[in-house]
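K.L.:
My structure file upload_31.pdb, PDB, C-alpha atoms, is below:
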```
ATOM      1  CA  CYS A   1       0.000   0.000   0.000  1.00  0.00           C
ATOM      2  CA  SER A   2       1.036   3.613  -0.265  1.00  0.00           C
ATOM      3  CA  SER A   3       3.419   4.798   2.409  1.00  0.00           C
ATOM      4  CA  PHE A   4       1.790   7.021   5.002  1.00  0.00           C
ATOM      5  CA  GLY A   5       3.502  10.235   3.921  1.00  0.00           C
ATOM      6  CA  GLU A   6       3.158   9.722   0.182  1.00  0.00           C
ATOM      7  CA  ARG A   7       0.824  11.843  -1.904  1.00  0.00           C
ATOM      8  CA  ARG A   8      -0.469  10.492  -5.172  1.00  0.00           C
ATOM      9  CA  MET A   9       0.268  13.173  -7.761  1.00  0.00           C
ATOM     10  CA  GLY A  10      -0.383  15.900  -5.167  1.00  0.00           C
ATOM     11  CA  LYS A  11      -3.796  14.507  -4.234  1.00  0.00           C
ATOM     12  CA  THR A  12      -5.069  14.037  -0.725  1.00  0.00           C
ATOM     13  CA  ILE A  13      -5.204  10.431   0.454  1.00  0.00           C
ATOM     14  CA  TRP A  14      -8.334   9.700   2.471  1.00  0.00           C
ATOM     15  CA  HIS A  15      -7.413   6.966   4.952  1.00  0.00           C
ATOM     16  CA  CYS A  16      -9.953   5.200   7.162  1.00  0.00           C
ATOM     17  CA  HIS A  17      -8.225   3.360  10.029  1.00  0.00           C
ATOM     18  CA  ILE A  18     -10.779   1.633  12.221  1.00  0.00           C
ATOM     19  CA  ALA A  19     -11.495  -1.434  14.328  1.00  0.00           C
ATOM     20  CA  MET A  20     -14.458  -3.711  13.800  1.00  0.00           C
ATOM     21  CA  SER A  21     -15.928  -6.911  15.152  1.00  0.00           C
ATOM     22  CA  LEU A  22     -16.352 -10.029  13.050  1.00  0.00           C
ATOM     23  CA  ASP A  23     -19.954  -9.027  12.428  1.00  0.00           C
ATOM     24  CA  GLY A  24     -18.915  -5.624  11.083  1.00  0.00           C
ATOM     25  CA  LYS A  25     -19.623  -3.412  14.100  1.00  0.00           C
ATOM     26  CA  ILE A  26     -17.364  -0.479  15.043  1.00  0.00           C
ATOM     27  CA  ALA A  27     -18.965   0.086  18.453  1.00  0.00           C
ATOM     28  CA  ARG A  28     -21.639  -1.284  20.724  1.00  0.00           C
ATOM     29  CA  ALA A  29     -25.136   0.168  20.311  1.00  0.00           C
ATOM     30  CA  ASP A  30     -24.348   2.716  23.055  1.00  0.00           C
ATOM     31  CA  GLY A  31     -21.181   3.829  21.236  1.00  0.00           C
ATOM     32  CA  SER A  32     -18.777   2.096  23.619  1.00  0.00           C
ATOM     33  CA  PHE A  33     -15.863  -0.004  22.456  1.00  0.00           C
ATOM     34  CA  ASP A  34     -14.661  -1.718  25.629  1.00  0.00           C
ATOM     35  CA  TRP A  35     -14.278  -4.892  23.558  1.00  0.00           C
ATOM     36  CA  LEU A  36     -11.110  -3.385  22.054  1.00  0.00           C
ATOM     37  CA  GLU A  37      -9.256  -2.943  25.351  1.00  0.00           C
ATOM     38  CA  SER A  38      -7.253  -6.173  25.046  1.00  0.00           C
ATOM     39  CA  HIS A  39      -5.988  -5.262  21.552  1.00  0.00           C
ATOM     40  CA  PRO A  40      -3.148  -2.671  21.644  1.00  0.00           C
ATOM     41  CA  LEU A  41      -3.456   0.055  19.012  1.00  0.00           C
ATOM     42  CA  GLN A  42       0.255  -0.215  18.234  1.00  0.00           C
ATOM     43  CA  GLU A  43      -0.294  -3.710  16.791  1.00  0.00           C
ATOM     44  CA  PHE A  44      -2.499  -2.192  14.102  1.00  0.00           C
ATOM     45  CA  GLY A  45      -0.268   0.574  12.763  1.00  0.00           C
ATOM     46  CA  PHE A  46      -1.826   3.363  14.812  1.00  0.00           C
ATOM     47  CA  ASP A  47       1.473   5.097  15.612  1.00  0.00           C
ATOM     48  CA  ALA A  48       2.423   5.128  11.914  1.00  0.00           C
ATOM     49  CA  LEU A  49      -1.036   6.450  11.053  1.00  0.00           C
ATOM     50  CA  MET A  50      -0.774   9.340  13.519  1.00  0.00           C
ATOM     51  CA  ALA A  51       2.744  10.192  12.344  1.00  0.00           C
ATOM     52  CA  GLY A  52       1.638  10.212   8.696  1.00  0.00           C
ATOM     53  CA  ILE A  53      -1.619  12.168   8.746  1.00  0.00           C
ATOM     54  CA  ASP A  54      -2.096  15.891   8.350  1.00  0.00           C
ATOM     55  CA  ALA A  55      -5.681  16.113   9.624  1.00  0.00           C
ATOM     56  CA  ILE A  56      -8.606  14.109  11.011  1.00  0.00           C
ATOM     57  CA  LEU A  57     -12.212  14.059   9.779  1.00  0.00           C
ATOM     58  CA  MET A  58     -14.901  12.685  12.085  1.00  0.00           C
ATOM     59  CA  GLY A  59     -18.590  12.823  12.901  1.00  0.00           C
ATOM     60  CA  ARG A  60     -20.148  14.387  15.981  1.00  0.00           C
ATOM     61  CA  ASP A  61     -20.799  11.091  17.786  1.00  0.00           C
ATOM     62  CA  THR A  62     -17.166  10.030  17.363  1.00  0.00           C
ATOM     63  CA  TYR A  63     -16.056  13.441  18.609  1.00  0.00           C
ATOM     64  CA  GLU A  64     -18.247  13.117  21.712  1.00  0.00           C
ATOM     65  CA  VAL A  65     -16.789   9.670  22.493  1.00  0.00           C
ATOM     66  CA  MET A  66     -13.225  10.996  22.136  1.00  0.00           C
ATOM     67  CA  ARG A  67     -14.004  14.050  24.305  1.00  0.00           C
ATOM     68  CA  GLY A  68     -15.307  11.652  26.954  1.00  0.00           C
ATOM     69  CA  PHE A  69     -11.750  10.459  27.565  1.00  0.00           C
ATOM     70  CA  GLY A  70     -10.858  13.785  29.187  1.00  0.00           C
ATOM     71  CA  GLU A  71      -7.691  15.165  27.598  1.00  0.00           C
ATOM     72  CA  TRP A  72      -7.994  15.498  23.820  1.00  0.00           C
ATOM     73  CA  PRO A  73      -6.028  12.535  22.417  1.00  0.00           C
ATOM     74  CA  TYR A  74      -4.993  14.207  19.139  1.00  0.00           C
ATOM     75  CA  GLY A  75      -3.105  17.226  20.472  1.00  0.00           C
ATOM     76  CA  ASP A  76      -2.832  19.996  17.899  1.00  0.00           C
ATOM     77  CA  LYS A  77      -3.622  17.787  14.883  1.00  0.00           C
ATOM     78  CA  PRO A  78      -6.260  19.678  12.819  1.00  0.00           C
ATOM     79  CA  THR A  79      -9.576  17.908  13.395  1.00  0.00           C
ATOM     80  CA  ILE A  80     -12.748  18.614  11.455  1.00  0.00           C
ATOM     81  CA  VAL A  81     -15.999  17.509  13.093  1.00  0.00           C
ATOM     82  CA  MET A  82     -19.061  17.184  10.893  1.00  0.00           C
ATOM     83  CA  THR A  83     -21.964  18.498  12.974  1.00  0.00           C
ATOM     84  CA  ASN A  84     -24.980  20.775  12.784  1.00  0.00           C
ATOM     85  CA  ARG A  85     -24.544  21.942  16.390  1.00  0.00           C
ATOM     86  CA  PRO A  86     -21.858  24.144  17.939  1.00  0.00           C
ATOM     87  CA  LEU A  87     -19.015  22.429  19.787  1.00  0.00           C
ATOM     88  CA  VAL A  88     -18.765  23.650  23.380  1.00  0.00           C
ATOM     89  CA  ASP A  89     -15.221  24.013  24.757  1.00  0.00           C
ATOM     90  CA  ALA A  90     -13.650  22.349  21.728  1.00  0.00           C
ATOM     91  CA  PRO A  91      -9.862  21.936  21.764  1.00  0.00           C
ATOM     92  CA  GLY A  92      -8.005  24.598  19.756  1.00  0.00           C
ATOM     93  CA  ALA A  93      -7.275  22.416  16.720  1.00  0.00           C
ATOM     94  CA  VAL A  94     -10.903  21.263  16.399  1.00  0.00           C
ATOM     95  CA  GLU A  95     -13.192  22.857  13.825  1.00  0.00           C
ATOM     96  CA  ALA A  96     -16.946  22.258  13.506  1.00  0.00           C
ATOM     97  CA  ARG A  97     -18.294  21.959   9.962  1.00  0.00           C
ATOM     98  CA  SER A  98     -21.683  21.213   8.499  1.00  0.00           C
ATOM     99  CA  GLY A  99     -23.112  20.775   5.048  1.00  0.00           C
ATOM    100  CA  ASP A 100     -22.109  18.664   2.110  1.00  0.00           C
ATOM    101  CA  LEU A 101     -19.269  16.272   2.942  1.00  0.00           C
ATOM    102  CA  ALA A 102     -17.871  16.375  -0.610  1.00  0.00           C
ATOM    103  CA  THR A 103     -17.614  20.182  -0.366  1.00  0.00           C
ATOM    104  CA  VAL A 104     -15.851  19.960   2.986  1.00  0.00           C
ATOM    105  CA  ALA A 105     -13.477  17.323   1.547  1.00  0.00           C
ATOM    106  CA  ALA A 106     -12.659  19.631  -1.376  1.00  0.00           C
ATOM    107  CA  GLU A 107     -11.881  22.440   1.076  1.00  0.00           C
ATOM    108  CA  LEU A 108      -9.532  20.162   3.033  1.00  0.00           C
ATOM    109  CA  GLU A 109      -7.808  19.150  -0.198  1.00  0.00           C
ATOM    110  CA  ALA A 110      -7.368  22.849  -1.035  1.00  0.00           C
ATOM    111  CA  ARG A 111      -5.611  23.312   2.318  1.00  0.00           C
ATOM    112  CA  GLY A 112      -2.956  20.913   1.025  1.00  0.00           C
ATOM    113  CA  TYR A 113      -3.468  18.047   3.446  1.00  0.00           C
ATOM    114  CA  GLY A 114      -1.586  15.030   2.064  1.00  0.00           C
ATOM    115  CA  ARG A 115      -3.326  12.373   4.139  1.00  0.00           C
ATOM    116  CA  VAL A 116      -6.543  12.734   6.140  1.00  0.00           C
ATOM    117  CA  TRP A 117      -7.714  10.144   8.641  1.00  0.00           C
ATOM    118  CA  VAL A 118     -11.406   9.462   8.128  1.00  0.00           C
ATOM    119  CA  GLU A 119     -11.956   8.341  11.708  1.00  0.00           C
ATOM    120  CA  GLY A 120     -15.675   7.693  11.584  1.00  0.00           C
ATOM    121  CA  GLY A 121     -18.418   7.133  12.298  1.00  0.00           C
ATOM    122  CA  ALA A 122     -20.399   5.151   9.831  1.00  0.00           C
ATOM    123  CA  GLN A 123     -22.225   8.142   8.320  1.00  0.00           C
ATOM    124  CA  VAL A 124     -18.968  10.008   7.602  1.00  0.00           C
ATOM    125  CA  ILE A 125     -17.443   6.858   6.106  1.00  0.00           C
ATOM    126  CA  ARG A 126     -20.544   6.337   3.947  1.00  0.00           C
ATOM    127  CA  GLY A 127     -20.420   9.963   2.822  1.00  0.00           C
ATOM    128  CA  MET A 128     -16.747   9.737   1.889  1.00  0.00           C
ATOM    129  CA  ILE A 129     -17.360   6.556  -0.106  1.00  0.00           C
ATOM    130  CA  ALA A 130     -20.292   8.257  -1.865  1.00  0.00           C
ATOM    131  CA  ALA A 131     -18.034  11.223  -2.695  1.00  0.00           C
ATOM    132  CA  GLY A 132     -15.335   8.912  -4.078  1.00  0.00           C
ATOM    133  CA  LYS A 133     -12.988  10.036  -1.323  1.00  0.00           C
ATOM    134  CA  LEU A 134     -11.980   6.826   0.451  1.00  0.00           C
ATOM    135  CA  ASP A 135      -8.574   5.614  -0.720  1.00  0.00           C
ATOM    136  CA  VAL A 136      -7.377   3.313   2.082  1.00  0.00           C
ATOM    137  CA  LEU A 137      -9.418   1.151   4.440  1.00  0.00           C
ATOM    138  CA  GLU A 138      -7.184  -0.153   7.226  1.00  0.00           C
ATOM    139  CA  MET A 139      -8.864  -2.325   9.827  1.00  0.00           C
ATOM    140  CA  ALA A 140      -8.261  -4.159  13.029  1.00  0.00           C
ATOM    141  CA  ILE A 141     -10.653  -7.099  12.795  1.00  0.00           C
ATOM    142  CA  VAL A 142     -11.299  -8.356  16.304  1.00  0.00           C
ATOM    143  CA  PRO A 143     -12.604 -11.897  16.887  1.00  0.00           C
ATOM    144  CA  ILE A 144     -15.825 -11.033  18.661  1.00  0.00           C
ATOM    145  CA  VAL A 145     -19.445 -11.000  17.524  1.00  0.00           C
ATOM    146  CA  LEU A 146     -21.232  -8.040  19.092  1.00  0.00           C
ATOM    147  CA  GLY A 147     -24.670  -8.677  17.647  1.00  0.00           C
ATOM    148  CA  ASP A 148     -26.149  -5.244  18.233  1.00  0.00           C
ATOM    149  CA  GLY A 149     -23.995  -2.259  17.476  1.00  0.00           C
ATOM    150  CA  ILE A 150     -22.992   0.436  15.038  1.00  0.00           C
ATOM    151  CA  PRO A 151     -22.077  -1.020  11.627  1.00  0.00           C
ATOM    152  CA  LEU A 152     -18.904   0.012   9.820  1.00  0.00           C
ATOM    153  CA  ILE A 153     -20.822   0.252   6.568  1.00  0.00           C
ATOM    154  CA  ALA A 154     -24.077   2.147   7.009  1.00  0.00           C
ATOM    155  CA  PRO A 155     -27.149   1.228   4.971  1.00  0.00           C
ATOM    156  CA  GLY A 156     -27.247   3.155   1.715  1.00  0.00           C
ATOM    157  CA  THR A 157     -23.482   3.122   1.197  1.00  0.00           C
ATOM    158  CA  PRO A 158     -22.615   2.912  -2.500  1.00  0.00           C
ATOM    159  CA  GLU A 159     -20.454   0.127  -3.855  1.00  0.00           C
ATOM    160  CA  LEU A 160     -16.689   0.444  -3.372  1.00  0.00           C
ATOM    161  CA  LYS A 161     -14.324  -2.130  -4.837  1.00  0.00           C
ATOM    162  CA  LEU A 162     -11.167  -2.710  -2.842  1.00  0.00           C
ATOM    163  CA  THR A 163      -7.826  -4.424  -3.410  1.00  0.00           C
ATOM    164  CA  LEU A 164      -6.174  -6.284  -0.538  1.00  0.00           C
ATOM    165  CA  LYS A 165      -2.704  -4.881   0.193  1.00  0.00           C
ATOM    166  CA  SER A 166      -1.900  -6.777   3.382  1.00  0.00           C
ATOM    167  CA  CYS A 167      -3.401  -9.058   6.008  1.00  0.00           C
ATOM    168  CA  GLU A 168      -1.418 -10.008   9.096  1.00  0.00           C
ATOM    169  CA  PRO A 169      -2.394 -11.908  12.254  1.00  0.00           C
ATOM    170  CA  ARG A 170      -2.140 -10.076  15.569  1.00  0.00           C
ATOM    171  CA  SER A 171      -2.417 -11.097  19.208  1.00  0.00           C
ATOM    172  CA  GLY A 172      -5.646 -12.600  20.464  1.00  0.00           C
ATOM    173  CA  GLY A 173      -6.647 -13.851  17.025  1.00  0.00           C
ATOM    174  CA  ALA A 174      -7.169 -10.378  15.565  1.00  0.00           C
ATOM    175  CA  LEU A 175      -6.207  -9.410  12.011  1.00  0.00           C
ATOM    176  CA  HIS A 176      -4.618  -6.223  10.674  1.00  0.00           C
ATOM    177  CA  VAL A 177      -5.997  -5.739   7.153  1.00  0.00           C
ATOM    178  CA  VAL A 178      -5.213  -2.976   4.656  1.00  0.00           C
ATOM    179  CA  TYR A 179      -7.257  -2.414   1.488  1.00  0.00           C
ATOM    180  CA  GLU A 180      -6.914   0.253  -1.162  1.00  0.00           C
ATOM    181  CA  ALA A 181      -9.744   1.493  -3.362  1.00  0.00           C
ATOM    182  CA  ALA A 182      -9.584  -0.187  -6.782  1.00  0.00           C
ATOM    183  CA  ARG A 183      -9.891   2.717  -9.196  1.00  0.00           C
TER     184      ARG A 183
END
```
Written as structure tokens, that's how I'd like the structure from this file.
P.N.:
Amino acid sequence: CSSFGERRMGKTIWHCHIAMSLDGKIARADGSFDWLESHPLQEFGFDALMAGIDAILMGRDTYEVMRGFGEWPYGDKPTIVMTNRPLVDAPGAVEARSGDLATVAAELEARGYGRVWVEGGAQVIRGMIAAGKLDVLEMAIVPIVLGDGIPLIAPGTPELKLTLKSCEPRSGGALHVVYEAAR
């Protein structure tokens, strides 16, 4: 797959790095992800991801979960939160945006970001796929069936063909899988 710092002909690379259960859930129905606690992020390329991204794009629910941890985990990394409501006491590098996701993506590209982490949730991921803006799908696949929960791929998501770039076993029976969009 493309190296984390590489730009393809000056274009922004939209990189979704996410964990999911075997039944395709990214969180429990209440938004929690305690089921990931026994799987260290470092085993799934998270440090390389953070070192190689210029900005983060996420939805309001994901933002609220991350804010619930207390100290903002992303420091001064520019973070764009798709929301229709104001963000109260947002960290300095966090920007609230609303409207058409494709328009917001074009604005981020114009800022010159080489790689943007599409953190989630499912509606943002669906919107980026619909806009043709998902280039890399990197996943930690955790061997648990949650049953109820928030799906990685929301209903109504358009088709996206992917090419497998790597698949490696990790501790506890998990897999680290990297796909690239087949364009």
K.L.:
Could you tell me, as a PyMOL selection string, exactly which residues end up selected when the PyMOL selection byres ((chain A and resi 25-37) around 7) is applied to this structure?
P.N.:
chain A and resi 19-21+23-24+38-39+146+148-152
K.L.:
Take every atom of segment 148-157 of chain A listed in the file, pad by 6 Å on each side, and give me the axis-aligned box centre and edge lengths in Å, one decimal, as AutoDock Vina command-line options.
P.N.:
```
--center_x -23.1 --center_y -1.0 --center_z 9.7 --size_x 20.3 --size_y 20.4 --size_z 29.0
```
K.L.:
Taking the file above as input, evaluate the PyMOL selection byres ((chain A and resi 40-42) around 12) and report the hits as a PDB file with C-alpha atoms, in the coordinates of the input.
P.N.:
```pdb
ATOM      1  CA  HIS A  17      -8.225   3.360  10.029  1.00  0.00           C
ATOM      2  CA  ILE A  18     -10.779   1.633  12.221  1.00  0.00           C
ATOM      3  CA  ALA A  19     -11.495  -1.434  14.328  1.00  0.00           C
ATOM      4  CA  TRP A  35     -14.278  -4.892  23.558  1.00  0.00           C
ATOM      5  CA  LEU A  36     -11.110  -3.385  22.054  1.00  0.00           C
ATOM      6  CA  GLU A  37      -9.256  -2.943  25.351  1.00  0.00           C
ATOM      7  CA  SER A  38      -7.253  -6.173  25.046  1.00  0.00           C
ATOM      8  CA  HIS A  39      -5.988  -5.262  21.552  1.00  0.00           C
ATOM      9  CA  GLU A  43      -0.294  -3.710  16.791  1.00  0.00           C
ATOM     10  CA  PHE A  44      -2.499  -2.192  14.102  1.00  0.00           C
ATOM     11  CA  GLY A  45      -0.268   0.574  12.763  1.00  0.00           C
ATOM     12  CA  PHE A  46      -1.826   3.363  14.812  1.00  0.00           C
ATOM     13  CA  ASP A  47       1.473   5.097  15.612  1.00  0.00           C
ATOM     14  CA  ALA A  48       2.423   5.128  11.914  1.00  0.00           C
ATOM     15  CA  LEU A  49      -1.036   6.450  11.053  1.00  0.00           C
ATOM     16  CA  MET A  50      -0.774   9.340  13.519  1.00  0.00           C
ATOM     17  CA  MET A 139      -8.864  -2.325   9.827  1.00  0.00           C
ATOM     18  CA  ALA A 140      -8.261  -4.159  13.029  1.00  0.00           C
ATOM     19  CA  ILE A 141     -10.653  -7.099  12.795  1.00  0.00           C
ATOM     20  CA  VAL A 142     -11.299  -8.356  16.304  1.00  0.00           C
ATOM     21  CA  ARG A 170      -2.140 -10.076  15.569  1.00  0.00           C
ATOM     22  CA  SER A 171      -2.417 -11.097  19.208  1.00  0.00           C
ATOM     23  CA  GLY A 172      -5.646 -12.600  20.464  1.00  0.00           C
ATOM     24  CA  ALA A 174      -7.169 -10.378  15.565  1.00  0.00           C
ATOM     25  CA  HIS A 176      -4.618  -6.223  10.674  1.00  0.00           C
TER      26      HIS A 176
END
```
K.L.:
Rounded to one decimal, what separation in Å do you get between atom CA of Arg67 of chain A and atom CA of Arg85 of chain A?
P.N.:
15.4 Å
K.L.:
Please write as a list in words the full residue list that the PyMOL selection byres ((chain A and resi 135) around 7) yields on this file.
P.N.:
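Going through the file, the PyMOL selection byres ((chain A and resi 135) around 7) ends up selecting Ile13, Trp14, His15, Lys133, Leu134, Val136, Leu137, Glu180 and Ala181 of chain A.
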